[in-house]
Structures are given as structure tokens and as C-alpha cells.
>>> print(open('final.txt').read())   # compact mmCIF, C-alpha atoms
# COMPACT_ATOMS: atom_id res chain seq x y z
CA MET A 1209 103.93 5.52 -48.29
CA ASN A 1210 102.44 6.81 -45.03
CA ARG A 1211 98.95 7.03 -46.49
CA THR A 1212 99.14 3.49 -47.86
CA PHE A 1213 100.35 2.17 -44.51
CA ILE A 1214 97.56 3.91 -42.60
CA THR A 1215 94.91 2.58 -45.00
CA LEU A 1216 96.18 -1.00 -44.60
CA ILE A 1217 96.04 -0.68 -40.81
CA ALA A 1218 92.42 0.65 -40.92
CA LEU A 1219 91.26 -2.13 -43.19
CA SER A 1220 92.92 -4.72 -40.96
CA SER A 1221 91.18 -3.32 -37.85
CA LEU A 1222 87.80 -3.26 -39.58
CA GLY A 1223 88.18 -6.90 -40.59
CA THR A 1224 89.06 -7.84 -37.03
CA LEU A 1225 85.96 -6.07 -35.68
CA VAL A 1226 83.69 -7.74 -38.21
CA ALA A 1227 85.11 -11.13 -37.36
CA CYS A 1228 84.61 -10.53 -33.65
CA SER A 1229 81.05 -9.38 -34.28
CA ASN A 1230 80.29 -12.53 -36.26
CA GLU A 1231 81.70 -14.70 -33.52
CA ARG A 1232 79.54 -13.08 -30.79
CA GLN A 1233 76.13 -13.06 -32.67
CA PRO A 1234 73.93 -15.79 -31.07
CA GLN A 1235 71.95 -18.11 -33.25
CA ALA A 1236 68.06 -17.89 -33.08
CA GLN A 1237 66.62 -20.60 -30.86
CA ALA A 1238 63.90 -22.87 -32.19
CA PRO A 1239 60.56 -22.45 -30.31
CA GLN A 1240 59.69 -25.03 -27.69
CA ILE A 1241 57.29 -27.66 -28.98
CA VAL A 1242 54.23 -28.61 -26.93
CA ARG A 1243 52.47 -31.72 -28.14
CA ASN A 1244 49.01 -33.29 -27.78
CA ILE A 1245 47.18 -29.96 -27.47
CA SER A 1246 43.50 -29.87 -28.44
CA LEU A 1247 42.66 -27.08 -30.90
CA ILE A 1248 39.35 -25.61 -32.03
CA ASP A 1249 38.41 -23.41 -34.99
CA VAL A 1250 36.41 -20.25 -34.33
CA GLN A 1251 33.17 -20.07 -36.29
CA LYS A 1252 30.34 -17.57 -36.11
CA ARG A 1253 27.02 -19.00 -34.99
CA ASN A 1254 23.46 -17.79 -34.65
CA ILE A 1255 22.44 -17.16 -31.06
CA PRO A 1256 19.32 -15.55 -29.54
CA ASP A 1257 19.40 -11.77 -29.67
CA LEU A 1258 18.45 -10.93 -26.10
CA LEU A 1259 17.08 -7.67 -24.77
CA GLN A 1260 18.19 -6.94 -21.22
CA ALA A 1261 15.39 -5.23 -19.27
CA ILE A 1262 16.88 -3.91 -16.03
CA GLY A 1263 14.75 -3.30 -12.96
CA SER A 1264 14.01 -4.06 -9.32
CA VAL A 1265 12.07 -6.72 -7.48
CA ARG A 1266 8.75 -5.60 -6.02
CA ALA A 1267 6.09 -7.48 -4.09
CA GLU A 1268 3.00 -8.16 -6.18
CA GLN A 1269 0.84 -6.80 -3.36
CA THR A 1270 2.03 -3.92 -1.17
CA SER A 1271 -0.08 -1.80 1.14
CA THR A 1272 0.65 1.39 3.08
CA LEU A 1273 -1.55 1.50 6.19
CA ALA A 1274 -2.69 4.82 7.62
CA ALA A 1275 -4.99 5.92 10.42
CA GLN A 1276 -8.56 6.94 9.60
CA MET A 1277 -9.04 9.02 12.74
CA MET A 1278 -7.00 11.28 14.97
CA GLY A 1279 -5.79 9.96 18.30
CA ASN A 1280 -2.80 8.91 20.34
CA ILE A 1281 -1.31 5.51 19.59
CA THR A 1282 -1.49 3.47 22.77
CA GLU A 1283 -0.02 0.17 21.49
CA MET A 1284 2.43 -0.90 18.78
CA ARG A 1285 2.19 -4.66 18.45
CA VAL A 1286 4.60 -5.36 15.56
CA HIS A 1287 8.05 -4.40 14.30
CA GLU A 1288 9.82 -4.49 10.94
CA GLY A 1289 10.26 -8.03 9.70
CA ASP A 1290 7.32 -9.47 11.63
CA ARG A 1291 5.02 -11.80 9.71
CA VAL A 1292 1.35 -10.98 10.21
CA GLN A 1293 -1.91 -12.62 9.23
CA ARG A 1294 -4.93 -11.03 7.65
CA GLY A 1295 -6.99 -9.19 10.28
CA GLN A 1296 -4.23 -9.18 12.89
CA VAL A 1297 -4.06 -6.01 15.00
CA LEU A 1298 -0.88 -4.07 14.31
CA ALA A 1299 -1.53 -0.94 16.40
CA VAL A 1300 -4.18 0.48 18.73
CA ILE A 1301 -5.32 4.13 18.93
CA ASP A 1302 -6.86 5.60 22.10
CA GLU A 1303 -10.51 4.50 22.00
CA SER A 1304 -11.96 6.48 24.94
CA GLN A 1305 -13.86 9.02 22.83
CA PRO A 1306 -15.14 6.55 20.20
CA ARG A 1307 -16.16 4.19 23.01
CA ALA A 1308 -18.19 6.94 24.73
CA ALA A 1309 -19.82 7.83 21.41
CA LEU A 1310 -20.74 4.17 20.93
CA ASP A 1311 -22.29 3.98 24.39
CA ARG A 1312 -24.41 7.05 23.62
CA ALA A 1313 -25.49 5.56 20.33
CA ILE A 1314 -26.50 2.31 22.02
CA ALA A 1315 -28.55 4.21 24.61
CA ALA A 1316 -30.21 6.27 21.89
CA THR A 1317 -31.08 3.10 19.99
CA HIS A 1318 -32.72 1.59 23.06
CA ALA A 1319 -34.70 4.81 23.68
CA SER A 1320 -35.85 4.93 20.06
CA GLN A 1321 -37.01 1.33 20.31
CA GLN A 1322 -39.07 2.11 23.40
CA GLN A 1323 -40.59 5.17 21.70
CA LEU A 1324 -41.45 3.05 18.68
CA THR A 1325 -43.05 0.41 20.87
CA ALA A 1326 -45.19 3.06 22.63
CA ALA A 1327 -46.17 4.66 19.33
CA GLU A 1328 -47.16 1.32 17.84
CA THR A 1329 -49.28 0.57 20.92
CA ASP A 1330 -51.05 3.94 20.65
CA LEU A 1331 -51.61 3.36 16.94
CA SER A 1332 -53.06 -0.09 17.55
CA LEU A 1333 -55.51 1.35 20.10
CA ALA A 1334 -56.44 4.23 17.83
CA GLU A 1335 -57.12 1.90 14.91
CA SER A 1336 -59.34 -0.37 17.06
CA THR A 1337 -61.29 2.62 18.29
CA LEU A 1338 -61.67 3.91 14.76
CA LYS A 1339 -63.09 0.58 13.60
CA ARG A 1340 -65.74 0.60 16.35
CA PHE A 1341 -66.71 4.20 15.63
CA GLN A 1342 -66.83 3.36 11.94
CA MET A 1343 -69.58 0.81 12.66
CA LEU A 1344 -71.43 3.24 14.91
CA HIS A 1345 -71.10 5.99 12.33
CA GLU A 1346 -72.66 3.76 9.68
CA ARG A 1347 -75.61 3.13 12.06
CA LYS A 1348 -75.95 6.86 12.76
CA SER A 1349 -75.20 6.16 16.43
CA VAL A 1350 -72.47 8.85 16.71
CA SER A 1351 -72.33 12.33 15.41
CA PRO A 1352 -70.00 13.21 12.50
CA GLN A 1353 -67.94 15.37 14.81
CA GLU A 1354 -67.23 12.52 17.22
CA PHE A 1355 -66.26 10.27 14.32
CA ASP A 1356 -63.92 12.89 12.89
CA GLU A 1357 -62.21 13.31 16.29
CA ILE A 1358 -61.56 9.55 16.53
CA LYS A 1359 -60.24 9.48 12.97
CA ALA A 1360 -57.92 12.41 13.70
CA ARG A 1361 -56.57 10.61 16.75
CA GLN A 1362 -55.81 7.56 14.59
CA GLN A 1363 -53.98 9.75 12.03
CA ALA A 1364 -51.95 11.40 14.78
CA ALA A 1365 -51.02 7.99 16.24
CA LEU A 1366 -49.96 6.83 12.76
CA ALA A 1367 -47.77 9.95 12.34
CA ARG A 1368 -46.16 9.38 15.76
CA ARG A 1369 -45.46 5.75 14.80
CA ASP A 1370 -43.84 6.81 11.52
CA MET A 1371 -41.77 9.44 13.33
CA ALA A 1372 -40.68 6.87 15.90
CA ARG A 1373 -39.60 4.55 13.10
CA ALA A 1374 -37.59 7.38 11.51
CA ASP A 1375 -35.99 8.13 14.87
CA GLN A 1376 -35.11 4.49 15.25
CA GLU A 1377 -33.48 4.36 11.79
CA GLN A 1378 -31.52 7.48 12.64
CA ALA A 1379 -30.41 5.94 15.93
CA LYS A 1380 -29.31 2.76 14.12
CA ALA A 1381 -27.32 4.83 11.64
CA ALA A 1382 -25.64 6.69 14.49
CA LEU A 1383 -24.88 3.35 16.16
CA ALA A 1384 -23.30 1.98 12.96
CA GLN A 1385 -21.22 5.15 12.63
CA ALA A 1386 -20.06 4.88 16.23
CA GLN A 1387 -19.13 1.23 15.73
CA THR A 1388 -17.20 2.16 12.59
CA MET A 1389 -15.34 4.94 14.40
CA LEU A 1390 -14.48 2.50 17.17
CA SER A 1391 -13.14 0.03 14.61
CA TYR A 1392 -10.81 2.76 13.35
CA THR A 1393 -8.93 2.57 16.66
CA THR A 1394 -7.35 -0.72 15.57
CA ILE A 1395 -5.02 -0.91 12.58
CA ARG A 1396 -5.27 -4.39 11.07
CA ALA A 1397 -3.31 -6.28 8.41
CA PRO A 1398 -5.26 -6.37 5.12
CA PHE A 1399 -3.66 -9.70 4.07
CA ASP A 1400 -1.01 -12.20 5.10
CA ALA A 1401 2.17 -10.17 4.89
CA VAL A 1402 5.48 -9.05 6.34
CA VAL A 1403 5.92 -5.64 7.94
CA THR A 1404 8.59 -3.90 5.88
CA GLU A 1405 8.36 -0.45 7.47
CA LYS A 1406 7.10 1.00 10.75
CA LYS A 1407 6.95 4.79 10.69
CA VAL A 1408 5.79 5.67 14.23
CA ASP A 1409 6.03 4.43 17.81
CA SER A 1410 3.69 4.24 20.78
CA GLY A 1411 2.62 7.63 22.08
CA ALA A 1412 2.70 9.32 18.68
CA LEU A 1413 -0.33 11.19 17.39
CA ALA A 1414 -2.04 9.37 14.54
CA LEU A 1415 -3.59 11.59 11.88
CA PRO A 1416 -5.98 10.56 9.11
CA GLY A 1417 -4.09 9.63 5.96
CA VAL A 1418 -0.63 9.72 7.55
CA PRO A 1419 1.13 6.34 6.92
CA LEU A 1420 1.88 4.13 9.89
CA PHE A 1421 3.07 0.86 8.31
CA THR A 1422 4.06 -0.65 5.00
CA VAL A 1423 3.30 -4.35 4.55
CA GLU A 1424 3.83 -6.61 1.57
CA ASP A 1425 2.85 -10.08 0.50
CA VAL A 1426 6.12 -12.05 0.42
CA ARG A 1427 4.58 -15.03 -1.38
CA ARG A 1428 4.48 -13.35 -4.78
CA TYR A 1429 7.08 -11.06 -6.32
CA ARG A 1430 7.57 -9.35 -9.67
CA LEU A 1431 10.48 -7.78 -11.47
CA GLU A 1432 9.50 -4.30 -12.59
CA ALA A 1433 11.85 -3.46 -15.48
CA ALA A 1434 12.13 -0.59 -17.95
CA VAL A 1435 12.01 -1.25 -21.70
CA ASN A 1436 12.83 1.43 -24.28
CA GLU A 1437 10.01 2.48 -26.54
CA SER A 1438 11.95 1.14 -29.55
CA ASP A 1439 12.00 -2.36 -28.03
CA LEU A 1440 8.39 -2.46 -26.84
CA ALA A 1441 7.35 -4.36 -29.97
CA TYR A 1442 9.28 -7.40 -28.71
CA VAL A 1443 7.33 -7.59 -25.42
CA ARG A 1444 4.13 -9.67 -25.23
CA ILE A 1445 1.87 -10.59 -22.34
CA GLY A 1446 2.50 -14.22 -21.35
CA GLN A 1447 5.98 -14.22 -22.90
CA ALA A 1448 8.63 -16.29 -21.10
CA ALA A 1449 11.33 -14.05 -19.64
CA PRO A 1450 14.25 -15.65 -17.74
CA VAL A 1451 15.32 -13.42 -14.87
CA LEU A 1452 18.70 -13.07 -13.18
CA ILE A 1453 18.82 -11.55 -9.69
CA ASP A 1454 22.36 -10.48 -8.84
CA ALA A 1455 21.98 -11.27 -5.13
CA LEU A 1456 20.86 -14.84 -5.88
CA GLY A 1457 23.83 -15.85 -8.06
CA ASP A 1458 23.82 -17.19 -11.61
CA ARG A 1459 20.68 -19.33 -11.35
CA GLU A 1460 17.96 -18.10 -13.70
CA LEU A 1461 14.40 -17.73 -12.48
CA LYS A 1462 11.62 -18.64 -14.91
CA GLY A 1463 9.72 -15.39 -15.26
CA LYS A 1464 6.65 -14.51 -17.30
CA VAL A 1465 5.49 -11.12 -18.56
CA VAL A 1466 2.16 -10.38 -16.90
CA GLU A 1467 1.69 -6.66 -17.42
CA VAL A 1468 2.94 -3.80 -19.58
CA VAL A 1469 2.10 -0.35 -18.25
CA PRO A 1470 0.56 1.42 -21.26
CA ALA A 1471 2.00 4.88 -20.51
CA ALA A 1472 5.68 5.74 -21.08
CA ASP A 1473 7.85 7.56 -18.59
CA PRO A 1474 8.17 11.07 -20.11
CA GLY A 1475 11.75 11.45 -18.88
CA SER A 1476 13.31 8.20 -20.05
CA ARG A 1477 10.82 7.32 -22.83
CA SER A 1478 10.62 3.81 -21.45
CA PHE A 1479 7.75 1.52 -20.51
CA LEU A 1480 7.39 -0.40 -17.27
CA VAL A 1481 7.17 -4.16 -17.80
CA LYS A 1482 6.15 -6.43 -14.91
CA VAL A 1483 7.56 -9.96 -14.93
CA GLU A 1484 6.04 -12.50 -12.54
CA LEU A 1485 8.64 -14.48 -10.58
CA PRO A 1486 8.37 -18.01 -9.18
CA SER A 1487 8.22 -18.47 -5.44
CA ASP A 1488 11.64 -18.18 -3.79
CA SER A 1489 12.25 -17.52 -0.09
CA ARG A 1490 15.35 -15.47 -0.91
CA LEU A 1491 13.48 -12.82 -2.87
CA ARG A 1492 13.14 -9.39 -1.27
CA SER A 1493 11.76 -6.08 -2.44
CA GLY A 1494 14.40 -3.79 -3.90
CA LEU A 1495 16.76 -6.48 -5.22
CA PHE A 1496 18.41 -5.59 -8.53
CA GLY A 1497 17.82 -7.86 -11.51
CA HIS A 1498 17.23 -8.06 -15.22
CA ALA A 1499 14.91 -9.98 -17.49
CA GLU A 1500 15.89 -11.40 -20.86
CA LEU A 1501 13.47 -10.83 -23.73
CA THR A 1502 14.16 -12.39 -27.15
CA ARG A 1503 14.38 -10.16 -30.22
CA GLY A 1504 15.30 -12.93 -32.69
CA LEU A 1505 18.73 -14.30 -33.76
CA ARG A 1506 22.13 -12.71 -34.39
CA GLU A 1507 25.61 -13.88 -35.38
CA SER A 1508 28.24 -14.15 -32.68
CA VAL A 1509 31.57 -15.79 -31.82
CA LEU A 1510 31.44 -18.35 -29.01
CA VAL A 1511 34.34 -20.14 -27.34
CA PRO A 1512 34.37 -22.81 -24.63
CA ARG A 1513 34.87 -21.55 -21.09
CA THR A 1514 37.89 -23.85 -20.87
CA ALA A 1515 39.68 -21.88 -23.63
CA ILE A 1516 39.73 -18.67 -21.58
CA VAL A 1517 42.68 -17.90 -19.33
CA GLU A 1518 42.71 -15.24 -16.63
CA ARG A 1519 45.40 -12.56 -16.46
CA GLY A 1520 44.52 -10.52 -13.43
CA GLN A 1521 41.10 -9.09 -14.19
CA LEU A 1522 41.51 -9.62 -17.93
CA GLN A 1523 40.53 -12.58 -20.10
CA ALA A 1524 42.57 -13.99 -22.97
CA VAL A 1525 42.90 -16.99 -25.30
CA PHE A 1526 45.84 -18.64 -27.04
CA VAL A 1527 45.57 -18.19 -30.82
CA VAL A 1528 47.66 -20.57 -32.97
CA ASP A 1529 48.88 -19.02 -36.25
CA GLN A 1530 49.74 -20.67 -39.57
CA TYR A 1531 53.23 -21.50 -38.27
CA LYS A 1532 51.72 -23.31 -35.27
CA ILE A 1533 52.98 -20.63 -32.87
CA ALA A 1534 50.64 -19.78 -29.97
CA THR A 1535 50.08 -16.12 -29.14
CA LEU A 1536 48.12 -14.75 -26.19
CA HIS A 1537 45.21 -12.56 -27.36
CA PHE A 1538 43.28 -10.51 -24.85
CA ILE A 1539 39.54 -10.57 -25.48
CA THR A 1540 36.33 -8.82 -24.46
CA VAL A 1541 33.74 -11.30 -23.27
CA GLY A 1542 29.97 -10.96 -23.28
CA LYS A 1543 27.18 -13.11 -21.92
CA PRO A 1544 27.94 -16.70 -20.88
CA LEU A 1545 25.80 -19.36 -22.60
CA LYS A 1546 25.95 -22.66 -20.73
CA ASP A 1547 29.51 -24.02 -21.29
CA GLU A 1548 30.46 -21.28 -23.73
CA VAL A 1549 31.14 -17.56 -23.58
CA GLU A 1550 30.41 -14.95 -26.21
CA VAL A 1551 33.51 -13.05 -27.38
CA LEU A 1552 32.82 -9.47 -28.45
CA ALA A 1553 36.36 -8.48 -29.48
CA GLY A 1554 39.90 -9.91 -29.68
CA ILE A 1555 39.41 -12.84 -32.07
CA GLN A 1556 37.60 -13.37 -35.33
CA ASP A 1557 35.95 -16.01 -37.45
CA GLY A 1558 38.47 -18.61 -38.65
CA ASP A 1559 41.01 -18.24 -35.82
CA ARG A 1560 42.37 -21.44 -34.29
CA LEU A 1561 42.45 -21.57 -30.50
CA VAL A 1562 43.84 -23.80 -27.79
CA ALA A 1563 40.73 -25.53 -26.46
CA SER A 1564 41.95 -26.05 -22.90
CA PRO A 1565 45.25 -24.47 -21.80
CA ALA A 1566 44.74 -25.92 -18.31
CA GLY A 1567 47.22 -23.54 -16.70
CA LEU A 1568 49.99 -24.09 -19.30
CA GLU A 1569 52.04 -21.10 -20.42
CA LEU A 1570 51.90 -21.48 -24.22
CA ASP A 1571 52.68 -17.98 -25.45
CA GLY A 1572 55.37 -18.16 -28.16
CA LYS A 1573 55.54 -21.95 -28.19
CA GLN A 1574 54.97 -24.26 -31.12
CA ILE A 1575 51.81 -26.29 -30.80
CA GLU A 1576 51.41 -29.82 -32.07
CA ALA A 1577 47.70 -30.61 -32.28
CA GLN A 1578 46.32 -33.68 -30.61
CA ARG A 1579 45.55 -36.48 -33.04
>>> encode(input="final.txt", output="C-alpha cells")
Amino acid sequence: MNRTFITLIALSSLGTLVACSNERQPQAQAPQIVRNISLIDVQKRNIPDLLQAIGSVRAEQTSTLAAQMMGNITEMRVHEGDRVQRGQVLAVIDESQPRAALDRAIAATHASQQQLTAAETDLSLAESTLKRFQMLHERKSVSPQEFDEIKARQQAALARRDMARADQEQAKAALAQAQTMLSYTTIRAPFDAVVTEKKVDSGALALPGVPLFTVEDVRRYRLEAAVNESDLAYVRIGQAAPVLIDALGDRELKGKVVEVVPAADPGSRSFLVKVELPSDSRLRSGLFGHAELTRGLRESVLVPRTAIVERGQLQAVFVVDQYKIATLHFITVGKPLKDEVEVLAGIQDGDRLVASPAGLELDGKQIEAQR
């Protein structure tokens, strides 16, 4: 009897608990419905297969200016950032010694000219005398010895004239050298440019071959980019190559391949490709950029920019499944193409997306497509 009574009590308690549990279990709520939402179907498309050639902007014409003689710098007439014109004096080196050498060369040139004039006068007299004695000699009016003496004098006068001419040529050469040395005391701009670097100041000792300035032509720039040896086959002279400079924003510059350096870098096994850039006042040497070279076509997934939502620093899209429920999928994006963005991972061909969430929180909600 006791066992039967205890069993009945246990079964009664279990039934009570089950009933209470059934009473407390909430019913599943139907998802919220959001209507008039535009949807798009993901489809793979052929897009240009682009090669990114990364490099730096360089001036098409750059020159490092150095002294060609030793001397103290007496004047520095420019600073970094100054625009200079071709032939403009940038610095002056002490010219006292070259100036003295030039004065000596000028004096020597004058002296050689006077010596030449005197020698030519003596030669003219000697030749006239020889002509007269030649006539007398033919008439037997002078002895052979006298005629030979006059002829020897004419030959000596001719030799002195030739020597004077040689001395004059030597003096002229010394004068030209002195003038050249004097010209080395001024450092001039080789072309219209901007001074990008000044390495010394006034009072410093200039030495031959030691750089003083760096100047560059700011009217023409190039992007010098590295291309792997395996991709060199896709690069052609004259090929259009859009260029993006990070410091200038998203606007592409219309570049053109103008040179491919024929030797590879032994360390990186890459070739240097030079892309000519259009004129732009914002360009500067050293800016980072990359050129886009086409390798053909490839398949890719593209979605409208409006379909992408931001979650912190991540990008995502709302994918609508077969039950019309939207789920947030985080994606990896690639290169933007006009109003679309390439998606590298996170969605696949055939997925249905919300075309423009416009700030709506749609995760887990039922989507009714716009008709």
C-alpha cells in the first residue's frame, strides 16, 4: 500500500510540472515584414584583369649640380622651393684667382698680337728685298753670296712669323681656358626648374664633383613603377595606363607607358616601367602611386555601392534567403569600378541582395520585394 501511494504522488507531481512547463513556453514570434525593398541577383561578370604596378612619382628631368673648381662659396642666391629659369645664377664661388688668370691671359694675347704684327712686318720687308735681289741676281749684278744672305733673312723672317702665329694661338687657347675657369665660378640652372635640395651654404668650400643643388623640371612628371618579370609581356610602349596617386584622391590620371628599362633588378627580379603623367600642379617627386595595366578579362562578382553597409571598419550586405529572410553577410571588397564594387569573398553567384538598405536594420526580417 505504501509503495502504491508513493508512486501515485510522484506521477501526480510530474504531471503538474509538465503542465506548468507547457503553460510557460512562449510561442515563436513571426519575423517582422519589411515591404517595398529593391532586390538584386548576384551574377558573375567579365571585368578587366588589371595589373597594379606600384611606384613613385619622379620628375622627367632632374639634375644634380656640382662645382667644377675648388673655391669658397661667396653667395647663395636660392633656397629650396625657389623656381629658377635656365641660365639663372644659383651660387657664386670666389673668382679672385680665375679673374687674375684671365687678366694674365688677356695681356699675353695682346703681347702675342704685337709680336705677330712685328714679325709680319719684318717678313714683308724681307720678301720685298728678296724680290729686288732676285732681279739683280738674274742680271748678274750681285754675287751669289749676297743673294743667299738676303734669301736666308727672308726664311728667318718667315720662321719668326710662323712662331708668332703659334704663340698667338697658344695665347688664345690660354685665354679661352681662363674664361672657362672664370665661368666655373657661377653655378647656373641648366633648365627652367624648381630647387628641390640645397646641400651647402655660403662660406662652404666647393670641391669639384661635390653636389651643391638638386633641381627638377616640375612641368613633366613620370610614375616609375616596378613590374614583375612574369608580367612584363603585358607592358607595351605607348600603352594607356591609368594612374592613381594616393595624395591626389580617387581621380585617375591618364598615363602612358613611355619607357621600359631593359635590365631587371637582380634583387627583386622586376623591371622599371616609366609612365608619363599629364600636367598637374599638385604632382611632386616622391609621391606614392600605382599604374593599372590590362592583362585581359576575368570573372568577378560586382555589387552596387549602395548595397554595402558599414559596420565599423567592416563591410557587409544583406542576403535574402529562399524564405525571404535577410541575413547580414560580411564581405571582403576589392577595387571599386565606377558605381560598383568588386566582392572578393562573402557572397557568391546567385545570391539575392538588398539593393539599397539606406540605413535600415534588416537582419532577421522578412523582405517583401518591390514590385
>>> closest_atom_pairs(input="final.txt", of="segment 1420-1490 of chain A", to="segment 1255-1261 of chain A", cutoff="12 Å", atoms="all atoms listed in the file", output="JSON lines")
{"residue": "A:Leu1431", "atom": "CA", "partner": "A:Ala1261", "partner_atom": "CA", "distance": 9.6}
{"residue": "A:Glu1432", "atom": "CA", "partner": "A:Ala1261", "partner_atom": "CA", "distance": 9.0}
{"residue": "A:Ala1433", "atom": "CA", "partner": "A:Ala1261", "partner_atom": "CA", "distance": 5.5}
{"residue": "A:Ala1434", "atom": "CA", "partner": "A:Ala1261", "partner_atom": "CA", "distance": 5.8}
{"residue": "A:Val1435", "atom": "CA", "partner": "A:Ala1261", "partner_atom": "CA", "distance": 5.8}
{"residue": "A:Asn1436", "atom": "CA", "partner": "A:Ala1261", "partner_atom": "CA", "distance": 8.7}
{"residue": "A:Glu1437", "atom": "CA", "partner": "A:Ala1261", "partner_atom": "CA", "distance": 11.9}
{"residue": "A:Ser1438", "atom": "CA", "partner": "A:Leu1259", "partner_atom": "CA", "distance": 11.3}
{"residue": "A:Asp1439", "atom": "CA", "partner": "A:Leu1259", "partner_atom": "CA", "distance": 8.0}
{"residue": "A:Leu1440", "atom": "CA", "partner": "A:Leu1259", "partner_atom": "CA", "distance": 10.3}
{"residue": "A:Ala1441", "atom": "CA", "partner": "A:Leu1259", "partner_atom": "CA", "distance": 11.5}
{"residue": "A:Tyr1442", "atom": "CA", "partner": "A:Leu1259", "partner_atom": "CA", "distance": 8.7}
{"residue": "A:Val1443", "atom": "CA", "partner": "A:Leu1259", "partner_atom": "CA", "distance": 9.8}
{"residue": "A:Ala1449", "atom": "CA", "partner": "A:Ala1261", "partner_atom": "CA", "distance": 9.7}
{"residue": "A:Pro1450", "atom": "CA", "partner": "A:Gln1260", "partner_atom": "CA", "distance": 10.2}
{"residue": "A:Val1451", "atom": "CA", "partner": "A:Ala1261", "partner_atom": "CA", "distance": 9.3}
{"residue": "A:Leu1452", "atom": "CA", "partner": "A:Gln1260", "partner_atom": "CA", "distance": 10.1}
{"residue": "A:Ile1453", "atom": "CA", "partner": "A:Ala1261", "partner_atom": "CA", "distance": 12.0}
{"residue": "A:Val1465", "atom": "CA", "partner": "A:Ala1261", "partner_atom": "CA", "distance": 11.5}
{"residue": "A:Ser1478", "atom": "CA", "partner": "A:Ala1261", "partner_atom": "CA", "distance": 10.5}
{"residue": "A:Phe1479", "atom": "CA", "partner": "A:Ala1261", "partner_atom": "CA", "distance": 10.3}
{"residue": "A:Leu1480", "atom": "CA", "partner": "A:Ala1261", "partner_atom": "CA", "distance": 9.6}
{"residue": "A:Val1481", "atom": "CA", "partner": "A:Ala1261", "partner_atom": "CA", "distance": 8.4}
{"residue": "A:Lys1482", "atom": "CA", "partner": "A:Ala1261", "partner_atom": "CA", "distance": 10.3}
{"residue": "A:Val1483", "atom": "CA", "partner": "A:Ala1261", "partner_atom": "CA", "distance": 10.1}
>>> residues_around(input="final.txt", residues="segment 1291-1294 of chain A", least_positions_apart="2", cutoff="12 Å", atoms="all atoms listed in the file", output="list in words")
Arg1285, Val1286, His1287, Glu1288, Gly1289, Gln1296, Val1297, Leu1298, Ile1395, Arg1396, Ala1397, Pro1398, Phe1399, Asp1400, Ala1401, Val1402, Val1403, Thr1404, Thr1422, Val1423, Glu1424, Asp1425, Val1426 and Arg1427 of chain A
>>> residues_near_point(input="final.txt", point="(12.5, -10.9, -2.7)", cutoff="12 Å", atoms="all atoms listed in the file", output="count of residues only")
33
>>> atom_distance(input="final.txt", atom1="atom CA of Pro1512 of chain A", atom2="atom CA of Gln1240 of chain A")
25.6 Å
>>> atom_distance(input="final.txt", atom1="atom CA of Glu1283 of chain A", atom2="atom CA of Lys1406 of chain A")
12.9 Å
>>> closest_residue(input="final.txt", among="A:Arg1373, A:Lys1348, A:Lys1546, A:Lys1407", to="Thr1514 of chain A", atoms="all atoms listed in the file")
A:Lys1546
>>> closest_residue(input="final.txt", among="A:Asp1375, A:Asp1409, A:Asp1311, A:Asp1249", to="Asp1529 of chain A", atoms="only C-alpha atoms")
A:Asp1249
>>> residues_around(input="final.txt", residues="Ile1358 of chain A", least_positions_apart="3", cutoff="6 Å", atoms="only C-alpha atoms", output="list in words")
Leu1338, Phe1355 and Arg1361 of chain A
>>> atom_distance(input="final.txt", atom1="atom CA of Met1343 of chain A", atom2="atom CA of Thr1329 of chain A")
21.9 Å
>>> closest_residue(input="final.txt", among="A:Arg1253, A:Arg1368, A:Lys1543, A:Lys1532", to="Gly1572 of chain A", atoms="only C-alpha atoms")
A:Lys1532
>>> residues_around(input="final.txt", residues="Glu1576 of chain A", least_positions_apart="2", cutoff="12 Å", atoms="all atoms listed in the file", output="PyMOL selection string")
chain A and resi 1239-1247+1528-1534+1562+1570+1573-1574+1578-1579
>>> residues_around(input="final.txt", residues="Ile1314 of chain A", least_positions_apart="2", cutoff="12 Å", atoms="all atoms listed in the file", output="ChimeraX atom specification")
/A:1307-1312,1316-1321,1376,1378-1387
